[in-house]
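A.B. asks: Data file structure_23.cif (mmCIF, C-alpha atoms and all ligand atoms) is appended below.
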data_run
loop_
_atom_site.label_atom_id
_atom_site.label_comp_id
_atom_site.auth_asym_id
_atom_site.auth_seq_id
_atom_site.Cartn_x
_atom_site.Cartn_y
_atom_site.Cartn_z
CA MET A 1 52.41 88.96 132.67
CA SER A 2 54.05 91.89 134.44
CA SER A 3 57.69 92.72 133.78
CA SER A 4 58.54 91.59 137.32
CA GLN A 5 57.14 88.17 136.40
CA LEU A 6 59.19 88.21 133.22
CA ASN A 7 62.32 89.05 135.20
CA ARG A 8 61.49 86.25 137.60
CA LEU A 9 61.17 83.82 134.68
CA LEU A 10 64.50 85.02 133.26
CA ASP A 11 66.14 84.64 136.70
CA ARG A 12 64.84 81.10 137.06
CA LEU A 13 65.99 80.22 133.55
CA TRP A 14 69.46 81.61 134.36
CA THR A 15 69.65 79.70 137.67
CA ASP A 16 68.75 76.43 135.95
CA PHE A 17 71.07 77.12 132.99
CA SER A 18 74.06 78.08 135.13
CA ARG A 19 73.58 74.97 137.26
CA ILE A 20 73.91 72.84 134.13
CA ASN A 21 76.74 75.00 132.81
CA PRO A 22 78.82 76.33 135.76
CA GLN A 23 81.28 77.68 133.16
CA ALA A 24 78.74 80.35 132.32
CA LEU A 25 78.70 81.45 135.95
CA ALA A 26 82.52 81.55 135.98
CA ILE A 27 82.63 83.59 132.76
CA HIS A 28 79.89 85.88 134.04
CA SER A 29 81.87 86.45 137.29
CA LEU A 30 85.07 87.00 135.33
CA LEU A 31 83.33 89.78 133.38
CA GLN A 32 81.86 91.27 136.55
CA GLN A 33 85.32 91.32 138.13
CA ARG A 34 86.40 93.47 135.19
CA GLY A 35 83.66 95.92 136.15
CA GLU A 36 81.20 94.78 133.49
CA THR A 37 77.43 94.61 133.75
CA VAL A 38 76.47 91.68 131.55
CA ILE A 39 73.49 92.22 129.25
CA ASN A 40 72.02 89.20 127.46
CA ASP A 41 71.62 89.47 123.71
CA HIS A 42 69.32 86.47 123.52
CA ILE A 43 68.31 83.21 125.12
CA ALA A 44 67.39 80.09 123.19
CA PHE A 45 65.01 77.15 123.54
CA ARG A 46 64.63 73.91 121.65
CA THR A 47 61.60 71.70 121.09
CA PHE A 48 59.84 69.24 118.76
CA ASP A 49 57.28 70.51 116.22
CA ASP A 50 54.33 68.73 117.90
CA PRO A 51 51.41 71.21 118.22
CA ARG A 52 51.27 70.57 121.99
CA ILE A 53 54.82 71.79 122.57
CA GLY A 54 55.85 73.69 119.40
CA ILE A 55 57.51 77.08 119.04
CA GLU A 56 54.24 79.00 119.67
CA VAL A 57 53.62 77.11 122.91
CA LEU A 58 57.07 77.85 124.30
CA ALA A 59 56.73 81.50 123.26
CA LYS A 60 53.55 82.07 125.31
CA PRO A 61 54.99 83.72 128.45
CA PHE A 62 57.09 86.02 126.28
CA LEU A 63 54.17 87.03 124.03
CA ALA A 64 52.14 87.72 127.19
CA ASP A 65 54.75 90.25 128.21
CA GLY A 66 54.97 92.18 124.97
CA TYR A 67 57.41 90.19 122.91
CA VAL A 68 56.56 90.03 119.21
CA PRO A 69 57.55 87.44 116.59
CA LYS A 70 60.14 88.83 114.18
CA GLU A 71 61.83 86.48 111.74
CA ASN A 72 61.64 82.83 110.73
CA TYR A 73 64.64 80.65 109.92
CA ARG A 74 65.01 77.23 108.34
CA PHE A 75 67.82 74.74 108.64
CA GLU A 76 67.31 72.21 105.85
CA GLN A 77 69.98 69.72 106.78
CA LYS A 78 69.23 69.70 110.49
CA LYS A 79 65.46 69.60 109.75
CA LEU A 80 64.82 72.57 112.03
CA ASP A 81 62.59 75.62 111.90
CA ALA A 82 63.20 78.59 114.16
CA ARG A 83 61.74 81.98 114.98
CA HIS A 84 63.01 84.89 117.00
CA TYR A 85 61.01 87.24 119.21
CA GLU A 86 61.85 90.73 120.42
CA HIS A 87 60.74 93.07 123.15
CA ALA A 88 60.58 96.86 122.75
CA ASP A 89 63.02 97.20 125.65
CA PRO A 90 66.44 96.64 124.00
CA LYS A 91 67.94 95.46 127.29
CA LEU A 92 65.56 92.49 127.43
CA PRO A 93 67.01 89.46 125.67
CA LYS A 94 65.72 88.43 122.28
CA VAL A 95 64.21 84.94 122.36
CA PHE A 96 65.25 82.33 119.75
CA ILE A 97 63.12 79.18 119.60
CA SER A 98 63.72 76.27 117.26
CA GLU A 99 61.85 73.01 116.67
CA LEU A 100 62.74 69.70 115.02
CA LYS A 101 60.47 68.72 112.14
CA VAL A 102 59.88 65.22 113.45
CA LYS A 103 57.88 63.95 110.44
CA GLU A 104 60.89 64.54 108.20
CA CYS A 105 62.97 62.19 110.38
CA SER A 106 63.21 58.38 110.33
CA ALA A 107 60.37 56.16 111.53
CA LYS A 108 62.62 55.04 114.41
CA LEU A 109 63.22 58.63 115.59
CA GLN A 110 59.52 59.41 115.23
CA SER A 111 58.54 56.47 117.40
CA ILE A 112 61.07 57.30 120.15
CA VAL A 113 59.95 60.94 120.20
CA ALA A 114 56.27 59.89 120.30
CA GLY A 115 57.12 57.74 123.33
CA LEU A 116 58.67 60.74 125.09
CA LEU A 117 55.80 63.10 124.30
CA ASP A 118 53.24 60.55 125.53
CA GLN A 119 54.84 60.73 128.97
CA ILE A 120 54.36 64.50 129.38
CA PRO A 121 51.94 65.06 132.29
CA ALA A 122 48.77 66.95 131.38
CA ALA A 123 49.70 69.69 133.88
CA ALA A 124 52.95 70.41 132.00
CA LEU A 125 51.04 70.82 128.74
CA THR A 126 48.83 73.52 130.23
CA ASP A 127 51.65 75.19 132.19
CA PRO A 128 52.13 78.67 130.67
CA GLU A 129 55.82 78.29 131.51
CA LEU A 130 56.41 75.01 129.70
CA CYS A 131 59.64 76.62 128.44
CA MET A 132 61.22 75.91 131.81
CA ALA A 133 59.50 72.68 132.75
CA GLY A 134 62.74 70.70 132.49
CA ARG A 135 62.55 67.17 131.10
CA PRO A 136 59.02 65.84 131.62
CA TRP A 137 59.83 62.28 130.49
CA LYS A 138 62.16 59.39 131.19
CA VAL A 139 64.52 58.22 128.48
CA SER A 140 66.98 55.35 128.18
CA PHE A 141 70.60 55.97 127.22
CA ALA A 142 70.11 53.64 124.25
CA ASP A 143 67.26 55.83 122.93
CA TYR A 144 69.31 58.97 123.60
CA GLU A 145 72.14 57.52 121.50
CA THR A 146 69.81 56.44 118.71
CA LEU A 147 68.29 59.93 118.58
CA ALA A 148 71.66 61.70 118.76
CA GLY A 149 73.05 59.43 116.04
CA GLU A 150 70.42 60.76 113.63
CA SER A 151 69.99 64.27 115.09
CA GLU A 152 72.26 65.70 117.80
CA TYR A 153 69.43 68.17 118.41
CA ALA A 154 66.93 65.37 119.12
CA GLY A 155 69.42 63.67 121.44
CA TRP A 156 69.95 66.88 123.43
CA MET A 157 66.22 67.51 123.60
CA SER A 158 65.53 63.99 124.90
CA ALA A 159 68.12 64.42 127.68
CA PHE A 160 67.40 68.02 128.75
CA GLY A 161 63.87 68.95 127.69
CA PHE A 162 62.52 72.44 128.28
CA ARG A 163 65.00 74.98 129.65
CA ALA A 164 67.28 77.69 128.31
CA ASN A 165 69.72 75.93 126.01
CA HIS A 166 72.01 78.97 126.16
CA PHE A 167 72.30 82.55 127.28
CA THR A 168 74.28 85.01 125.18
CA VAL A 169 76.54 87.84 126.32
CA PHE A 170 75.78 91.02 124.34
CA VAL A 171 79.36 92.01 123.52
CA ASN A 172 78.38 95.52 122.36
CA TYR A 173 77.58 96.44 125.96
CA LEU A 174 81.00 95.37 127.29
CA GLN A 175 83.30 98.27 128.16
CA SER A 176 86.56 96.41 128.73
CA VAL A 177 86.59 94.24 125.60
CA ALA A 178 86.76 95.84 122.18
CA THR A 179 86.23 92.89 119.84
CA LEU A 180 84.75 89.40 119.87
CA ALA A 181 88.23 88.03 119.15
CA ASP A 182 89.51 89.73 122.34
CA LEU A 183 86.68 88.24 124.38
CA ASN A 184 87.38 84.80 122.87
CA THR A 185 91.03 85.08 123.94
CA LEU A 186 89.98 85.96 127.47
CA ILE A 187 87.61 83.00 127.66
CA LYS A 188 90.16 80.54 126.30
CA GLN A 189 92.81 81.87 128.72
CA ALA A 190 90.37 81.20 131.55
CA GLY A 191 90.32 77.57 130.36
CA PHE A 192 87.01 77.35 128.52
CA PRO A 193 87.23 75.82 125.04
CA LEU A 194 85.23 77.40 122.22
CA ASN A 195 83.21 75.75 119.48
CA ALA A 196 85.58 75.93 116.48
CA GLU A 197 83.06 74.49 113.99
CA GLY A 198 83.26 76.78 110.94
CA GLY A 199 85.86 78.92 112.77
CA GLU A 200 85.65 80.33 116.29
CA ILE A 201 83.91 83.45 115.02
CA LYS A 202 80.77 82.84 112.99
CA GLY A 203 79.58 85.70 110.77
CA SER A 204 81.26 89.03 110.08
CA PRO A 205 80.60 92.78 110.11
CA GLU A 206 79.23 92.34 106.54
CA VAL A 207 76.36 90.16 107.79
CA LEU A 208 76.03 92.52 110.79
CA LEU A 209 76.55 89.78 113.37
CA GLU A 210 79.56 87.99 114.85
CA GLN A 211 79.05 85.07 117.23
CA SER A 212 81.11 82.59 119.20
CA SER A 213 80.22 80.02 121.84
CA THR A 214 81.69 77.61 124.35
CA LEU A 215 81.49 73.86 123.82
CA ALA A 216 78.70 72.59 126.08
CA PRO A 217 80.48 70.80 128.93
CA PRO A 218 79.24 67.27 129.71
CA VAL A 219 76.86 66.84 132.64
CA GLU A 220 75.61 63.70 134.34
CA VAL A 221 72.09 62.96 133.22
CA ASP A 222 69.84 60.33 134.76
CA PHE A 223 68.79 57.85 132.11
CA THR A 224 66.49 54.93 132.91
CA ASP A 225 69.54 52.66 132.97
CA GLY A 226 71.70 54.94 135.13
CA PRO A 227 73.67 58.18 134.82
CA HIS A 228 75.73 59.09 131.76
CA ALA A 229 77.64 62.29 131.03
CA VAL A 230 76.39 64.07 127.89
CA PRO A 231 76.89 67.63 126.53
CA GLY A 232 74.60 70.09 128.32
CA CYS A 233 74.24 73.86 127.87
CA TYR A 234 76.65 76.39 126.36
CA TYR A 235 77.35 80.12 126.67
CA GLU A 236 77.30 82.33 123.58
CA PHE A 237 78.82 85.73 122.76
CA ALA A 238 77.36 88.05 120.13
CA ARG A 239 78.53 91.33 118.66
CA ARG A 240 76.09 93.21 116.47
CA TYR A 241 76.67 95.87 113.84
CA ALA A 242 74.49 98.80 112.82
CA LEU A 243 72.11 98.89 109.88
CA PRO A 244 72.21 101.94 107.56
CA ASP A 245 69.61 103.63 109.82
CA GLY A 246 72.02 103.39 112.75
CA LYS A 247 70.04 100.72 114.65
CA LEU A 248 71.82 97.51 115.55
CA PHE A 249 70.86 94.52 113.41
CA SER A 250 68.67 92.39 115.70
CA GLY A 251 68.16 89.25 113.62
CA PHE A 252 70.05 85.98 113.29
CA VAL A 253 72.21 84.61 110.47
CA THR A 254 71.22 81.12 109.35
CA LYS A 255 74.68 80.07 108.16
CA SER A 256 76.20 81.04 111.52
CA ALA A 257 73.37 79.65 113.64
CA ASP A 258 73.74 76.31 111.84
CA LYS A 259 77.23 75.99 113.36
CA ILE A 260 76.25 77.41 116.76
CA PHE A 261 73.74 74.54 117.12
CA GLN A 262 76.73 72.19 117.06
CA SER A 263 77.97 73.53 120.42
CA THR A 264 75.99 70.68 122.03
CA ASP A 265 77.26 67.89 119.73
CA ARG A 266 78.79 64.83 121.36
CA ARG A 267 82.58 64.83 121.07
CA THR A 268 83.87 61.31 121.43
C1 LIG B 301 70.39 77.51 118.76
C2 LIG B 301 71.55 77.78 117.83
C3 LIG B 301 71.44 79.09 117.07
C4 LIG B 301 72.19 81.54 117.35
O1 LIG B 301 72.39 82.48 118.13
O2 LIG B 301 72.45 81.62 116.15
C5 LIG B 301 71.65 80.29 117.92
C6 LIG B 301 70.52 76.27 119.58
O3 LIG B 301 71.62 75.75 119.78
O4 LIG B 301 69.47 75.80 120.05
O5 LIG B 301 71.42 80.31 119.08
NI NI B 302 72.24 81.80 120.14
#
Can you give me the file's structure in the form of structure tokens?
Ligand code: OOG
Ligand code: NI
C.D. replies:
Amino acid sequence: MSSSQLNRLLDRLWTDFSRINPQALAIHSLLQQRGETVINDHIAFRTFDDPRIGIEVLAKPFLADGYVPKENYRFEQKKLDARHYEHADPKLPKVFISELKVKECSAKLQSIVAGLLDQIPAAALTDPELCMAGRPWKVSFADYETLAGESEYAGWMSAFGFRANHFTVFVNYLQSVATLADLNTLIKQAGFPLNAEGGEIKGSPEVLLEQSSTLAPPVEVDFTDGPHAVPGCYYEFARRYALPDGKLFSGFVTKSADKIFQSTDRRT
């Protein structure tokens, strides 16, 4: 894939993401009005660990354009595995892909997920851009709630499918905001609540990464029994610190990421 194709993919992912989360567009415009050019630190995808749609499958278009796998992460309690990919061009977003280890979940969850995966059209499974195929199955609100009751991640996945779960502003590249705390203040003043799980700022200079994120605003999703509003996509903000060699740390911090995942939890 040429880099123009990659940029096209990233544009389409952003268009879809910002349609689900108009807050991100508002925050992006707010930063532009301050004279900023927004660079993305990373984008993230979710999936189930089925070999037809696992991490490696979603990563395909990125690998084809020179991304390389970097580090693996494991979230015991949430039953998730994740991996991040990087491109040699530091202005291209890192890609963070996670997957739910379905066989570690209840028999009920496994059977609902199997029912979703069985509906995926053959064409979607061979589409090199499965990562932005949207939701290739129908799901009832009752099944969504059963899934989310056991795993918020599974619930989100059943409702939204394959698309960018979030984009992330690379705070280091901002000129008009010195710290993540300052950016958080700006975002809250603009009326966008932040995920306070484990504190608004996850991480610290000591772990070389500070992160914050909005709470995914609810969006109307079509379930088989009608529309229901459920948490959609969120916007993240990341500030990185330098390693002893002077290069910015480019990995992720499991303890922080664990809380960032909760930006899409239901809040009732
Ligand atoms: C991913 C959460 C983790 C990060 O930057 O640590 C993450 C997700 O919500 O799918 O993005
Ligand atoms: Ni993230």
A.B. asks: Just want the residues within 12 Å of ligand NI 302 (chain B), written as JSON, numbers by chain, counting only C-alpha atoms and all ligand atoms.
C.D. replies: {"A": [40, 41, 42, 43, 44, 45, 46, 82, 83, 84, 93, 94, 95, 96, 97, 98, 164, 165, 166, 167, 168, 169, 170, 202, 209, 210, 211, 212, 213, 214, 233, 234, 235, 236, 237, 238, 239, 251, 252, 253, 254, 256, 257, 258, 259, 260, 261, 262, 263, 264]}
A.B. asks: Keeping only C-alpha atoms, write the selected residues to a file as an mmCIF file, in the coordinates of the input.
C.D. replies:
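This is the output file selection-v2.cif:
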data_model
loop_
_atom_site.group_PDB
_atom_site.id
_atom_site.type_symbol
_atom_site.label_atom_id
_atom_site.label_comp_id
_atom_site.auth_asym_id
_atom_site.auth_seq_id
_atom_site.Cartn_x
_atom_site.Cartn_y
_atom_site.Cartn_z
ATOM 1 C CA ASN A 40 72.020 89.200 127.460
ATOM 2 C CA ASP A 41 71.620 89.470 123.710
ATOM 3 C CA HIS A 42 69.320 86.470 123.520
ATOM 4 C CA ILE A 43 68.310 83.210 125.120
ATOM 5 C CA ALA A 44 67.390 80.090 123.190
ATOM 6 C CA PHE A 45 65.010 77.150 123.540
ATOM 7 C CA ARG A 46 64.630 73.910 121.650
ATOM 8 C CA ALA A 82 63.200 78.590 114.160
ATOM 9 C CA ARG A 83 61.740 81.980 114.980
ATOM 10 C CA HIS A 84 63.010 84.890 117.000
ATOM 11 C CA PRO A 93 67.010 89.460 125.670
ATOM 12 C CA LYS A 94 65.720 88.430 122.280
ATOM 13 C CA VAL A 95 64.210 84.940 122.360
ATOM 14 C CA PHE A 96 65.250 82.330 119.750
ATOM 15 C CA ILE A 97 63.120 79.180 119.600
ATOM 16 C CA SER A 98 63.720 76.270 117.260
ATOM 17 C CA ALA A 164 67.280 77.690 128.310
ATOM 18 C CA ASN A 165 69.720 75.930 126.010
ATOM 19 C CA HIS A 166 72.010 78.970 126.160
ATOM 20 C CA PHE A 167 72.300 82.550 127.280
ATOM 21 C CA THR A 168 74.280 85.010 125.180
ATOM 22 C CA VAL A 169 76.540 87.840 126.320
ATOM 23 C CA PHE A 170 75.780 91.020 124.340
ATOM 24 C CA LYS A 202 80.770 82.840 112.990
ATOM 25 C CA LEU A 209 76.550 89.780 113.370
ATOM 26 C CA GLU A 210 79.560 87.990 114.850
ATOM 27 C CA GLN A 211 79.050 85.070 117.230
ATOM 28 C CA SER A 212 81.110 82.590 119.200
ATOM 29 C CA SER A 213 80.220 80.020 121.840
ATOM 30 C CA THR A 214 81.690 77.610 124.350
ATOM 31 C CA CYS A 233 74.240 73.860 127.870
ATOM 32 C CA TYR A 234 76.650 76.390 126.360
ATOM 33 C CA TYR A 235 77.350 80.120 126.670
ATOM 34 C CA GLU A 236 77.300 82.330 123.580
ATOM 35 C CA PHE A 237 78.820 85.730 122.760
ATOM 36 C CA ALA A 238 77.360 88.050 120.130
ATOM 37 C CA ARG A 239 78.530 91.330 118.660
ATOM 38 C CA GLY A 251 68.160 89.250 113.620
ATOM 39 C CA PHE A 252 70.050 85.980 113.290
ATOM 40 C CA VAL A 253 72.210 84.610 110.470
ATOM 41 C CA THR A 254 71.220 81.120 109.350
ATOM 42 C CA SER A 256 76.200 81.040 111.520
ATOM 43 C CA ALA A 257 73.370 79.650 113.640
ATOM 44 C CA ASP A 258 73.740 76.310 111.840
ATOM 45 C CA LYS A 259 77.230 75.990 113.360
ATOM 46 C CA ILE A 260 76.250 77.410 116.760
ATOM 47 C CA PHE A 261 73.740 74.540 117.120
ATOM 48 C CA GLN A 262 76.730 72.190 117.060
ATOM 49 C CA SER A 263 77.970 73.530 120.420
ATOM 50 C CA THR A 264 75.990 70.680 122.030
#
A.B. asks: Choose the residue, out of A:Ile53, A:Leu125, A:Ile201, A:Ala229, that has the smallest atom-to-atom separation from ligand LIG 301 (chain B); count only C-alpha atoms and all ligand atoms.
C.D. replies: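 Closest to ligand LIG 301 (chain B), using only C-alpha atoms and all ligand atoms: A:Ile201.
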A.B. asks: Could you name the residues that touch Ser158 in chain A at 9 Å or less, counting all atoms listed in the file, but leaving out those on the same chain fewer than 5 positions away, as a list in words?
C.D. replies: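 That gives Val113, Leu116, Arg135, Trp137, Lys138, Val139, Asp143, Tyr144, Leu147, Ala148 and Tyr153 of chain A.
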A.B. asks: For each of A:Leu186, A:Ile112, A:Leu174, A:Leu100, take the minimum atom-to-atom distance to ligand LIG 301 (chain B), counting all atoms listed in the file, then give the residue where this is smallest.
C.D. replies: A:Leu100
A.B. asks: Can you measure CA of Asp50 in chain A to CA of Thr224 in chain A for me? One decimal in Å is fine.
C.D. replies: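 Answer for the CA of Asp50 in chain A to CA of Thr224 in chain A separation: 23.7 Å.
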A.B. asks: Enter the distance from CA of Phe62 in chain A to CA of His87 in chain A, in Å, rounded to one decimal.
C.D. replies: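 Answer for the CA of Phe62 in chain A to CA of His87 in chain A separation: 8.5 Å.
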A.B. asks: Edge lengths and centre in Å to one decimal, as AutoDock Vina command-line options, of the axis-aligned box that encloses all listed atoms of ligand LIG 301 (chain B) with 5 Å added on every side?
C.D. replies:
--center_x 71.0 --center_y 79.1 --center_z 118.1 --size_x 13.0 --size_y 16.7 --size_z 13.9
A.B. asks: Report, in Å to a single decimal, how far apart CA of Pro217 in chain A and CA of Gln23 in chain A are.
C.D. replies: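 For CA of Gln23 in chain A relative to CA of Pro217 in chain A, the distance reads 8.1 Å.
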A.B. asks: Nearest to Thr126 in chain A: which of A:Leu58, A:Leu180, A:Val219, A:Leu63 is it, counting all atoms listed in the file?
C.D. replies: A:Leu58
A.B. asks: Of the candidates A:Lys255, A:Lys60, A:Lys91, A:Arg34, which shows the shortest atom-to-atom distance to ligand LIG 301 (chain B), using all atoms listed in the file?
C.D. replies: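 That would be A:Lys255, the residue with the smallest distance to ligand LIG 301 (chain B).
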A.B. asks: Looking at A:Phe223, A:Phe162, A:Phe192, A:Tyr173, which one is nearest to ligand LIG 301 (chain B), with distances taken over only C-alpha atoms and all ligand atoms?
C.D. replies: A:Phe162
